[in-house]
>>> print(open('coords-v4.txt').read())   # compact mmCIF, C-alpha atoms
# COMPACT_ATOMS: atom_id res chain seq x y z
CA SER A 26 267.88 63.88 -92.50
CA TRP A 27 264.32 63.94 -93.85
CA ARG A 28 263.04 62.19 -90.74
CA ILE A 29 264.56 64.90 -88.53
CA LEU A 30 263.32 67.76 -90.71
CA LEU A 31 259.79 66.37 -90.92
CA GLU A 32 259.65 65.86 -87.15
CA ASP A 33 260.62 69.49 -86.60
CA LEU A 34 258.22 70.75 -89.25
CA ALA A 35 255.41 68.68 -87.73
CA ALA A 36 256.22 70.00 -84.24
CA ALA A 37 256.27 73.61 -85.46
CA TYR A 38 253.01 73.11 -87.35
CA GLN A 39 251.37 71.77 -84.20
CA GLY A 40 252.82 74.51 -81.99
CA ALA A 41 255.09 72.18 -80.01
CA PRO A 42 258.60 73.17 -78.87
CA LEU A 43 261.52 71.87 -80.90
CA PRO A 44 263.91 69.40 -79.21
CA ALA A 45 267.46 70.48 -78.40
CA LYS A 46 270.15 70.20 -81.09
CA THR A 47 272.67 67.38 -80.95
CA THR A 48 276.34 67.07 -81.95
CA SER A 49 277.23 69.23 -84.96
CA PHE A 50 278.23 67.70 -88.28
CA LYS A 51 281.55 69.57 -88.06
CA GLU A 52 282.39 68.08 -84.67
CA TRP A 53 281.51 64.60 -85.91
CA ALA A 54 283.81 64.97 -88.92
CA THR A 55 286.63 66.26 -86.70
CA ARG A 56 286.28 63.39 -84.24
CA LEU A 57 286.35 60.84 -87.07
CA GLN A 58 289.59 62.27 -88.41
CA GLN A 59 291.19 62.36 -84.96
CA ALA A 60 290.24 58.74 -84.31
CA GLY A 61 291.97 57.43 -87.44
CA ASP A 62 294.15 54.34 -87.06
CA PRO A 63 296.90 53.13 -89.48
CA ALA A 64 295.81 49.56 -88.70
CA GLU A 65 292.43 50.41 -90.21
CA ASP A 66 294.01 51.34 -93.54
CA ALA A 67 295.89 48.04 -93.47
CA TYR A 68 292.57 46.22 -93.04
CA TRP A 69 291.06 47.84 -96.13
CA ASP A 70 294.09 46.85 -98.19
CA THR A 71 293.33 43.17 -97.49
CA VAL A 72 289.82 43.27 -98.98
CA PRO A 73 289.94 41.34 -102.28
CA ALA A 74 288.34 42.52 -105.50
CA THR A 75 285.40 40.67 -107.03
CA ALA A 76 284.69 40.84 -110.76
CA LEU A 77 281.13 39.92 -111.72
CA PRO A 78 280.30 37.92 -114.86
CA VAL A 79 278.59 39.87 -117.65
CA ASP A 80 276.55 38.76 -120.62
CA HIS A 81 277.93 41.47 -122.91
CA PRO A 82 281.62 42.20 -122.28
CA GLY A 83 282.65 45.72 -123.22
CA GLY A 84 279.14 47.15 -122.85
CA ASP A 85 278.84 50.76 -121.68
CA ASN A 86 277.49 50.90 -118.12
CA THR A 87 275.39 54.04 -118.59
CA LEU A 88 272.58 55.39 -116.45
CA ALA A 89 270.41 55.52 -119.56
CA SER A 90 270.70 51.74 -119.93
CA ALA A 91 269.71 51.03 -116.31
CA GLU A 92 266.77 48.68 -115.68
CA SER A 93 265.48 47.01 -112.51
CA VAL A 94 264.07 43.67 -111.38
CA ALA A 95 262.22 43.58 -108.04
CA VAL A 96 261.38 40.67 -105.74
CA GLU A 97 259.70 40.69 -102.35
CA LEU A 98 258.72 38.70 -99.28
CA ASP A 99 255.10 38.55 -98.22
CA GLU A 100 253.86 40.25 -95.05
CA ALA A 101 254.15 37.16 -92.83
CA GLU A 102 257.72 36.47 -94.01
CA THR A 103 258.69 40.12 -93.55
CA ARG A 104 257.18 40.23 -90.07
CA ALA A 105 259.14 37.12 -89.10
CA LEU A 106 262.34 38.60 -90.54
CA LEU A 107 261.93 41.76 -88.50
CA THR A 108 260.69 40.34 -85.22
CA GLU A 109 261.58 36.64 -84.82
CA VAL A 110 264.59 35.81 -86.98
CA PRO A 111 267.13 38.06 -85.16
CA ALA A 112 266.75 36.14 -81.88
CA ALA A 113 268.13 32.88 -83.27
CA TYR A 114 271.72 34.03 -83.77
CA ARG A 115 271.60 37.56 -82.31
CA THR A 116 271.63 39.00 -85.81
CA GLN A 117 270.36 42.16 -87.44
CA ILE A 118 268.31 42.23 -90.64
CA ASN A 119 271.41 43.30 -92.60
CA ASP A 120 273.18 40.10 -91.51
CA VAL A 121 270.42 37.95 -92.98
CA LEU A 122 270.13 39.95 -96.19
CA LEU A 123 273.87 39.88 -96.78
CA THR A 124 274.09 36.17 -96.02
CA ALA A 125 271.54 35.45 -98.75
CA LEU A 126 273.31 37.88 -101.07
CA ALA A 127 276.74 36.32 -100.43
CA GLN A 128 275.36 32.83 -101.07
CA THR A 129 273.77 34.02 -104.31
CA LEU A 130 276.92 35.73 -105.56
CA ALA A 131 279.18 32.86 -104.53
CA GLY A 132 277.00 30.43 -106.45
CA TRP A 133 276.96 32.70 -109.50
CA THR A 134 280.66 33.59 -109.62
CA GLY A 135 282.03 30.29 -108.34
CA GLN A 136 284.11 32.19 -105.75
CA ASP A 137 284.22 31.31 -102.05
CA THR A 138 284.59 34.98 -101.07
CA VAL A 139 282.74 37.86 -102.71
CA THR A 140 283.25 41.57 -102.08
CA VAL A 141 280.26 43.90 -101.85
CA ALA A 142 280.19 47.70 -101.67
CA LEU A 143 278.07 48.17 -98.57
CA GLU A 144 276.20 51.44 -98.06
CA GLY A 145 275.20 52.40 -94.53
CA HIS A 146 273.48 55.26 -92.75
CA GLY A 147 276.82 56.38 -91.28
CA ARG A 148 275.38 57.54 -87.96
CA GLU A 149 277.38 55.02 -85.98
CA GLU A 150 277.64 55.15 -82.19
CA LEU A 151 281.42 55.37 -81.97
CA PHE A 152 281.86 57.91 -79.17
CA ASP A 153 280.09 58.05 -75.80
CA ASP A 154 279.87 61.85 -75.87
CA VAL A 155 278.53 62.17 -79.43
CA ASP A 156 274.81 62.17 -80.24
CA LEU A 157 273.78 62.30 -83.91
CA SER A 158 270.09 61.51 -83.43
CA ARG A 159 269.02 65.02 -84.51
CA THR A 160 271.99 66.13 -86.58
CA VAL A 161 271.15 67.06 -90.18
CA GLY A 162 273.74 66.19 -92.80
CA TRP A 163 275.04 63.61 -95.26
CA PHE A 164 276.46 60.81 -93.12
CA THR A 165 276.14 57.95 -95.59
CA SER A 166 279.09 55.55 -95.56
CA LEU A 167 280.22 53.36 -98.45
CA PHE A 168 282.86 50.69 -97.98
CA PRO A 169 283.90 47.25 -99.29
CA VAL A 170 283.24 44.12 -97.26
CA ALA A 171 284.44 40.63 -98.14
CA LEU A 172 281.86 37.93 -97.40
CA ALA A 173 282.42 34.17 -97.33
CA PRO A 174 279.20 32.31 -96.45
CA GLY A 175 281.18 29.09 -96.04
CA GLY A 176 278.60 26.74 -97.52
CA GLN A 177 274.88 26.33 -97.87
CA GLU A 178 273.97 25.32 -94.29
CA PRO A 179 271.86 28.27 -93.06
CA GLY A 180 273.08 28.46 -89.48
CA SER A 181 276.80 28.30 -90.21
CA ALA A 182 276.43 30.75 -93.11
CA LEU A 183 274.60 33.27 -90.92
CA LYS A 184 277.19 33.03 -88.17
CA ALA A 185 280.07 33.35 -90.64
CA VAL A 186 278.70 36.46 -92.35
CA LYS A 187 277.70 37.99 -89.01
CA GLU A 188 281.29 37.70 -87.74
CA GLN A 189 282.74 39.08 -90.98
CA LEU A 190 280.50 42.13 -90.74
CA ARG A 191 281.37 42.68 -87.06
CA ALA A 192 285.06 42.61 -87.95
CA VAL A 193 284.77 45.72 -90.15
CA PRO A 194 286.56 48.56 -88.30
CA ARG A 195 284.31 51.39 -87.10
CA ARG A 196 281.48 49.82 -89.07
CA GLY A 197 282.99 51.17 -92.28
CA VAL A 198 282.72 54.91 -91.69
CA GLY A 199 286.49 55.41 -91.89
CA TYR A 200 286.93 54.01 -95.39
CA GLY A 201 285.79 57.16 -97.18
CA LEU A 202 288.20 59.32 -95.16
CA THR A 203 291.27 57.83 -96.82
CA HIS A 204 290.05 56.09 -99.98
CA ASP A 205 288.60 57.10 -103.33
CA LEU A 206 285.02 55.79 -103.36
CA THR A 207 285.18 55.26 -107.13
CA GLY A 208 287.88 52.65 -106.57
CA ILE A 209 285.93 50.26 -104.34
CA PRO A 210 286.89 46.69 -105.34
CA ALA A 211 283.33 45.49 -105.78
CA GLY A 212 281.05 45.17 -108.77
CA LEU A 213 277.88 45.15 -106.65
CA SER A 214 276.57 47.71 -104.15
CA PHE A 215 274.04 46.90 -101.45
CA ASN A 216 271.90 49.18 -99.31
CA TYR A 217 269.14 48.33 -96.83
CA LEU A 218 267.06 51.49 -96.43
CA GLY A 219 265.10 50.28 -93.43
CA GLN A 220 261.37 50.38 -92.73
CA LEU A 221 259.96 53.15 -94.89
CA ASP A 222 256.48 52.62 -93.46
CA SER A 223 257.39 54.39 -90.22
CA GLY A 224 258.83 57.70 -89.15
CA THR A 225 257.29 59.70 -91.99
CA GLY A 226 255.46 62.48 -90.24
CA THR A 227 256.61 62.78 -86.67
CA GLY A 228 258.79 59.72 -86.18
CA THR A 229 256.01 57.71 -84.57
CA GLY A 230 254.35 56.19 -87.63
CA THR A 231 252.89 56.86 -91.05
CA GLY A 232 249.42 57.60 -89.72
CA ASP A 233 250.57 60.14 -87.12
CA GLY A 234 251.08 63.86 -87.69
CA PRO A 235 250.29 66.07 -90.65
CA PHE A 236 252.48 64.30 -93.24
CA THR A 237 252.11 61.09 -95.19
CA PRO A 238 254.07 59.82 -98.22
CA VAL A 239 252.64 60.38 -101.69
CA ASP A 240 253.19 58.28 -104.77
CA GLU A 241 254.09 61.02 -107.24
CA PRO A 242 256.99 61.37 -109.68
CA ALA A 243 259.89 63.41 -108.30
CA GLY A 244 261.92 63.65 -111.47
CA ARG A 245 265.32 62.13 -112.17
CA PRO A 246 267.92 62.75 -109.45
CA VAL A 247 270.85 62.44 -111.90
CA SER A 248 271.44 62.96 -115.61
CA LEU A 249 271.02 59.96 -117.91
CA LEU A 250 274.26 61.04 -119.61
CA GLY A 251 276.24 59.78 -116.62
CA ARG A 252 277.70 56.34 -115.94
CA ARG A 253 276.81 53.90 -113.19
CA ALA A 254 279.33 53.32 -110.41
CA HIS A 255 278.67 49.58 -110.07
CA THR A 256 277.71 46.68 -112.29
CA LEU A 257 274.76 45.77 -110.05
CA ASP A 258 272.96 47.81 -107.39
CA VAL A 259 270.79 45.97 -104.86
CA ASN A 260 268.50 48.14 -102.73
CA ALA A 261 266.19 46.69 -100.08
CA ALA A 262 263.46 48.34 -98.01
CA VAL A 263 260.30 47.45 -96.13
CA ARG A 264 257.25 49.12 -97.69
CA ASP A 265 253.62 48.39 -96.86
CA GLY A 266 254.75 45.59 -94.56
CA ARG A 267 256.73 43.75 -97.26
CA LEU A 268 260.47 43.50 -97.85
CA ASN A 269 261.10 44.70 -101.40
CA VAL A 270 264.49 44.13 -103.03
CA ALA A 271 265.31 45.88 -106.33
CA TRP A 272 268.19 44.69 -108.52
CA THR A 273 269.34 47.43 -110.91
CA TYR A 274 271.58 46.58 -113.85
CA SER A 275 272.66 47.87 -117.25
CA SER A 276 271.01 46.27 -120.25
CA ASN A 277 274.31 46.92 -122.04
CA LEU A 278 275.99 44.45 -119.68
CA HIS A 279 273.35 41.93 -118.60
CA ASP A 280 270.30 40.27 -120.05
CA ARG A 281 267.15 40.66 -118.00
CA ALA A 282 266.88 36.90 -117.62
CA THR A 283 270.26 36.79 -115.85
CA VAL A 284 269.30 39.39 -113.25
CA THR A 285 265.83 37.90 -112.84
CA GLY A 286 267.49 34.58 -112.04
CA LEU A 287 269.81 36.20 -109.48
CA ALA A 288 266.95 38.04 -107.80
CA GLY A 289 264.88 34.87 -107.66
CA ASP A 290 267.79 32.88 -106.21
CA PHE A 291 268.32 35.57 -103.57
CA ILE A 292 264.69 35.62 -102.40
CA THR A 293 264.63 31.80 -102.30
CA ARG A 294 267.71 31.82 -100.06
CA MET A 295 266.07 34.47 -97.86
CA ARG A 296 263.10 32.16 -97.31
CA VAL A 297 265.42 29.26 -96.43
CA LEU A 298 267.22 31.41 -93.84
CA ILE A 299 263.94 32.62 -92.33
CA GLU A 300 262.53 29.10 -92.14
CA HIS A 301 265.70 27.84 -90.51
CA CYS A 302 265.76 30.61 -87.88
CA LEU A 303 262.15 29.87 -86.95
CA GLY A 304 262.90 26.17 -86.43
CA SER A 305 263.61 24.50 -83.12
CA GLU A 306 267.16 23.51 -84.08
CA ALA A 307 268.27 27.09 -84.81
CA GLY A 308 270.22 29.18 -82.36
CA GLY A 309 273.73 29.98 -81.27
CA VAL A 310 276.22 32.67 -80.33
CA THR A 311 279.43 33.86 -81.95
CA PRO A 312 282.61 35.52 -80.63
CA SER A 313 281.34 39.04 -81.40
CA ASP A 314 278.56 38.48 -78.86
CA PHE A 315 281.29 38.44 -76.18
CA PRO A 316 283.77 41.10 -77.33
CA LEU A 317 285.59 41.32 -73.99
CA ALA A 318 286.31 37.59 -73.87
CA GLY A 319 288.66 37.61 -76.87
CA LEU A 320 287.64 34.12 -77.94
CA GLU A 321 288.05 32.60 -81.38
CA ALA A 322 285.11 30.72 -82.89
CA GLY A 323 286.63 27.31 -82.13
CA GLU A 324 287.39 28.26 -78.53
CA LEU A 325 283.84 29.49 -78.01
CA ASP A 326 282.38 26.30 -79.46
CA SER A 327 284.56 24.18 -77.17
CA LEU A 328 283.50 26.21 -74.15
CA LEU A 329 279.83 25.90 -75.04
CA ASP A 330 280.20 22.15 -75.57
CA ALA A 331 281.82 21.84 -72.15
CA LEU A 332 279.01 23.80 -70.52
CA ASP A 333 276.47 21.64 -72.31
CA ASP A 334 278.16 18.49 -70.98
CA LEU A 335 278.00 19.92 -67.44
CA ASP A 336 274.28 20.57 -67.83
CA LYS A 337 273.72 16.97 -68.93
CA GLU A 338 275.57 15.70 -65.89
>>> encode(input="coords-v4.txt", output="structure tokens")
Amino acid sequence: SWRILLEDLAAAYQGAPLPAKTTSFKEWATRLQQAGDPAEDAYWDTVPATALPVDHPGGDNTLASAESVAVELDEAETRALLTEVPAAYRTQINDVLLTALAQTLAGWTGQDTVTVALEGHGREELFDDVDLSRTVGWFTSLFPVALAPGGQEPGSALKAVKEQLRAVPRRGVGYGLTHDLTGIPAGLSFNYLGQLDSGTGTGTGTGDGPFTPVDEPAGRPVSLLGRRAHTLDVNAAVRDGRLNVAWTYSSNLHDRATVTGLAGDFITRMRVLIEHCLGSEAGGVTPSDFPLAGLEAGELDSLLDALDDLDKE
């Protein structure tokens, strides 16, 4: 909502007219409830729980004990991730980040499938007659997603995670309507906050308009007497042209060396995925790219092989 509010404040400051309002928060909430589907609840019941290893069993997961380890890509790697990587497998940045995360967690836990509490912006385009582009309110969604990278080969892992994410009903916004968010079967939460370099003042870039971000303390948003909801919190964002990924943990549960190792493994896997997607051998489509065809992955591969054989003839 800050982007919307700052755009309006900038427009008013400059004497420009304010854009028209969009769909109300109340109408959005009503439409979500009306569009509920019992089959969606059945889907959530199939998501398995993932318990993460800890260095200190029985430790109290308090906010006061929270510490963070941060890793980042350089500007060239970040630029490639944002502009070139998506074309290889028709992915979004979240697909790549979650593929690296799933590979990291699978290697750490020894499990083929890992469940992550995925946080999203919640402003999903679910209805043709609903526009949330200028609606102020708390839309954030939080839901569990089971990810199985299916091995270390970059291309197959990306395609597998991409399809698993596309299979989530209504992109996860319905989970919170019927489930207690404190009961999500995942020890790790993940949130990609987007490109924080843009859209600060008027929505057209950091250098435009009367507002720019300042690096000043804002105080604690929550009391240190509280407890953390997850064992690990992974938050990613692009700042100053670099992808920064912060891993937050409790020192009562994990040693810093453990989380540093996880963060380092994750960023190494990110670089492998980026390098692969930039290579000449990368590329491919998946069933979710053709939603009306109703094809399974094997059927699509067979069809593509047949078309390739025709081209060679």
>>> closest_residue(input="coords-v4.txt", among="A:Pro82, A:Gly176, A:Pro111, A:Gly147", to="Gln128 of chain A", atoms="all atoms listed in the file")
A:Gly176
>>> closest_residue(input="coords-v4.txt", among="A:Ile29, A:Tyr200, A:Glu97, A:Leu106", to="Gly61 of chain A", atoms="all atoms listed in the file")
A:Tyr200
>>> residues_around(input="coords-v4.txt", residues="Thr283 of chain A", least_positions_apart="3", cutoff="12 Å", atoms="all atoms listed in the file", output="JSON, numbers by chain")
{"A": [78, 79, 80, 81, 93, 94, 133, 257, 272, 273, 274, 275, 276, 278, 279, 280, 286, 287, 288, 289, 290]}
>>> closest_atom_pairs(input="coords-v4.txt", of="segment 136-206 of chain A", to="segment 39-44 of chain A", cutoff="12 Å", atoms="only C-alpha atoms", output="JSON lines")
{"residue": "A:Ser158", "atom": "CA", "partner": "A:Pro44", "partner_atom": "CA", "distance": 10.9}
{"residue": "A:Arg159", "atom": "CA", "partner": "A:Pro44", "partner_atom": "CA", "distance": 8.6}
{"residue": "A:Thr160", "atom": "CA", "partner": "A:Pro44", "partner_atom": "CA", "distance": 11.4}
>>> residues_around(input="coords-v4.txt", residues="Phe168 of chain A", least_positions_apart="5", cutoff="8 Å", atoms="all atoms listed in the file", output="list in words")
Ala142, Leu143, Glu144, Gly197, Val198, Tyr200, Gly201, Leu206 and Ile209 of chain A
>>> closest_residue(input="coords-v4.txt", among="A:Glu92, A:Asp70, A:Glu188, A:Glu324", to="Thr256 of chain A", atoms="only C-alpha atoms")
A:Glu92
>>> closest_residue(input="coords-v4.txt", among="A:Thr55, A:Thr237, A:Gln220, A:Ser90", to="Gly266 of chain A", atoms="only C-alpha atoms")
A:Gln220
>>> residues_around(input="coords-v4.txt", residues="Thr75 of chain A", least_positions_apart="6", cutoff="9 Å", atoms="all atoms listed in the file", output="PDB file with C-alpha atoms, in the coordinates of the input")
ATOM      1  CA  THR A 134     280.660  33.590-109.620  1.00  0.00           C
ATOM      2  CA  GLN A 136     284.110  32.190-105.750  1.00  0.00           C
ATOM      3  CA  THR A 138     284.590  34.980-101.070  1.00  0.00           C
ATOM      4  CA  VAL A 139     282.740  37.860-102.710  1.00  0.00           C
ATOM      5  CA  THR A 140     283.250  41.570-102.080  1.00  0.00           C
ATOM      6  CA  VAL A 141     280.260  43.900-101.850  1.00  0.00           C
ATOM      7  CA  ALA A 171     284.440  40.630 -98.140  1.00  0.00           C
ATOM      8  CA  PRO A 210     286.890  46.690-105.340  1.00  0.00           C
ATOM      9  CA  ALA A 211     283.330  45.490-105.780  1.00  0.00           C
ATOM     10  CA  GLY A 212     281.050  45.170-108.770  1.00  0.00           C
ATOM     11  CA  LEU A 213     277.880  45.150-106.650  1.00  0.00           C
TER      12      LEU A 213
END
>>> atom_distance(input="coords-v4.txt", atom1="atom CA of Tyr114 of chain A", atom2="atom CA of Leu98 of chain A")
20.8 Å
>>> closest_residue(input="coords-v4.txt", among="A:Leu298, A:Leu130, A:Ala36, A:Val161", to="Lys51 of chain A", atoms="all atoms listed in the file")
A:Val161
>>> closest_residue(input="coords-v4.txt", among="A:Val259, A:Ile118, A:Leu183, A:Val247", to="Leu88 of chain A", atoms="all atoms listed in the file")
A:Val247
>>> atom_distance(input="coords-v4.txt", atom1="atom CA of Asp222 of chain A", atom2="atom CA of Arg28 of chain A")
11.9 Å
>>> residues_around(input="coords-v4.txt", residues="Pro179 of chain A", least_positions_apart="2", cutoff="8 Å", atoms="all atoms listed in the file", output="NGL selection string")
:A and (177 or 181-183 or 297-298 or 301)
>>> atom_distance(input="coords-v4.txt", atom1="atom CA of Glu102 of chain A", atom2="atom CA of Ala125 of chain A")
14.6 Å
>>> residues_around(input="coords-v4.txt", residues="Thr311 of chain A", least_positions_apart="4", cutoff="9 Å", atoms="only C-alpha atoms", output="JSON, numbers by chain")
{"A": [114, 115, 184, 185, 187, 188, 315, 321, 322, 325, 326]}
>>> build_atoms(input="coords-v4.txt", residues="segment 59-79 of chain A", atoms="N, CA, C and O atoms", output="mmCIF file, in the coordinates of the input")
data_model
loop_
_atom_site.group_PDB
_atom_site.id
_atom_site.type_symbol
_atom_site.label_atom_id
_atom_site.label_comp_id
_atom_site.auth_asym_id
_atom_site.auth_seq_id
_atom_site.Cartn_x
_atom_site.Cartn_y
_atom_site.Cartn_z
ATOM 1 N N GLN A 59 290.277 62.512 -86.102
ATOM 2 C CA GLN A 59 291.190 62.360 -84.960
ATOM 3 C C GLN A 59 291.307 60.907 -84.519
ATOM 4 O O GLN A 59 292.319 60.515 -83.950
ATOM 5 N N ALA A 60 290.262 60.130 -84.762
ATOM 6 C CA ALA A 60 290.240 58.740 -84.310
ATOM 7 C C ALA A 60 290.794 57.771 -85.345
ATOM 8 O O ALA A 60 290.672 56.561 -85.204
ATOM 9 N N GLY A 61 291.420 58.286 -86.402
ATOM 10 C CA GLY A 61 291.970 57.430 -87.440
ATOM 11 C C GLY A 61 293.056 56.509 -86.898
ATOM 12 O O GLY A 61 293.767 56.835 -85.942
ATOM 13 N N ASP A 62 293.200 55.341 -87.517
ATOM 14 C CA ASP A 62 294.150 54.340 -87.060
ATOM 15 C C ASP A 62 294.837 53.710 -88.275
ATOM 16 O O ASP A 62 294.165 53.211 -89.178
ATOM 17 N N PRO A 63 296.199 53.749 -88.336
ATOM 18 C CA PRO A 63 296.900 53.130 -89.480
ATOM 19 C C PRO A 63 296.527 51.668 -89.682
ATOM 20 O O PRO A 63 296.523 51.170 -90.813
ATOM 21 N N ALA A 64 296.186 50.969 -88.581
ATOM 22 C CA ALA A 64 295.810 49.560 -88.700
ATOM 23 C C ALA A 64 294.513 49.414 -89.501
ATOM 24 O O ALA A 64 294.283 48.384 -90.152
ATOM 25 N N GLU A 65 293.671 50.454 -89.453
ATOM 26 C CA GLU A 65 292.430 50.410 -90.210
ATOM 27 C C GLU A 65 292.704 50.445 -91.703
ATOM 28 O O GLU A 65 292.095 49.713 -92.484
ATOM 29 N N ASP A 66 293.644 51.287 -92.125
ATOM 30 C CA ASP A 66 294.010 51.340 -93.540
ATOM 31 C C ASP A 66 294.570 49.996 -93.997
ATOM 32 O O ASP A 66 294.308 49.545 -95.113
ATOM 33 N N ALA A 67 295.330 49.344 -93.124
ATOM 34 C CA ALA A 67 295.890 48.040 -93.470
ATOM 35 C C ALA A 67 294.781 47.018 -93.673
ATOM 36 O O ALA A 67 294.880 46.143 -94.542
ATOM 37 N N TYR A 68 293.705 47.130 -92.885
ATOM 38 C CA TYR A 68 292.570 46.220 -93.040
ATOM 39 C C TYR A 68 291.947 46.382 -94.420
ATOM 40 O O TYR A 68 291.661 45.389 -95.109
ATOM 41 N N TRP A 69 291.713 47.620 -94.844
ATOM 42 C CA TRP A 69 291.060 47.840 -96.130
ATOM 43 C C TRP A 69 291.902 47.308 -97.283
ATOM 44 O O TRP A 69 291.365 46.856 -98.299
ATOM 45 N N ASP A 70 293.222 47.337 -97.123
ATOM 46 C CA ASP A 70 294.090 46.850 -98.190
ATOM 47 C C ASP A 70 293.999 45.341 -98.377
ATOM 48 O O ASP A 70 294.438 44.811 -99.404
ATOM 49 N N THR A 71 293.448 44.629 -97.386
ATOM 50 C CA THR A 71 293.330 43.170 -97.490
ATOM 51 C C THR A 71 292.040 42.708 -98.150
ATOM 52 O O THR A 71 291.889 41.520 -98.439
ATOM 53 N N VAL A 72 291.104 43.638 -98.380
ATOM 54 C CA VAL A 72 289.820 43.270 -98.980
ATOM 55 C C VAL A 72 290.015 42.936 -100.451
ATOM 56 O O VAL A 72 290.451 43.794 -101.222
ATOM 57 N N PRO A 73 289.701 41.717 -100.884
ATOM 58 C CA PRO A 73 289.940 41.340 -102.280
ATOM 59 C C PRO A 73 288.905 41.928 -103.227
ATOM 60 O O PRO A 73 287.798 42.289 -102.816
ATOM 61 N N ALA A 74 289.267 42.024 -104.484
ATOM 62 C CA ALA A 74 288.340 42.520 -105.500
ATOM 63 C C ALA A 74 287.514 41.358 -106.054
ATOM 64 O O ALA A 74 287.972 40.216 -106.105
ATOM 65 N N THR A 75 286.281 41.666 -106.437
ATOM 66 C CA THR A 75 285.400 40.670 -107.030
ATOM 67 C C THR A 75 284.880 41.193 -108.369
ATOM 68 O O THR A 75 284.224 42.234 -108.416
ATOM 69 N N ALA A 76 285.194 40.481 -109.436
ATOM 70 C CA ALA A 76 284.690 40.840 -110.760
ATOM 71 C C ALA A 76 283.451 39.989 -111.050
ATOM 72 O O ALA A 76 283.472 38.769 -110.887
ATOM 73 N N LEU A 77 282.379 40.633 -111.454
ATOM 74 C CA LEU A 77 281.130 39.920 -111.720
ATOM 75 C C LEU A 77 281.051 39.512 -113.192
ATOM 76 O O LEU A 77 281.470 40.252 -114.084
ATOM 77 N N PRO A 78 280.494 38.343 -113.469
ATOM 78 C CA PRO A 78 280.300 37.920 -114.860
ATOM 79 C C PRO A 78 279.323 38.865 -115.567
ATOM 80 O O PRO A 78 278.407 39.402 -114.949
ATOM 81 N N VAL A 79 279.515 39.059 -116.852
ATOM 82 C CA VAL A 79 278.590 39.870 -117.650
ATOM 83 C C VAL A 79 278.202 39.093 -118.894
ATOM 84 O O VAL A 79 278.950 38.242 -119.383
#
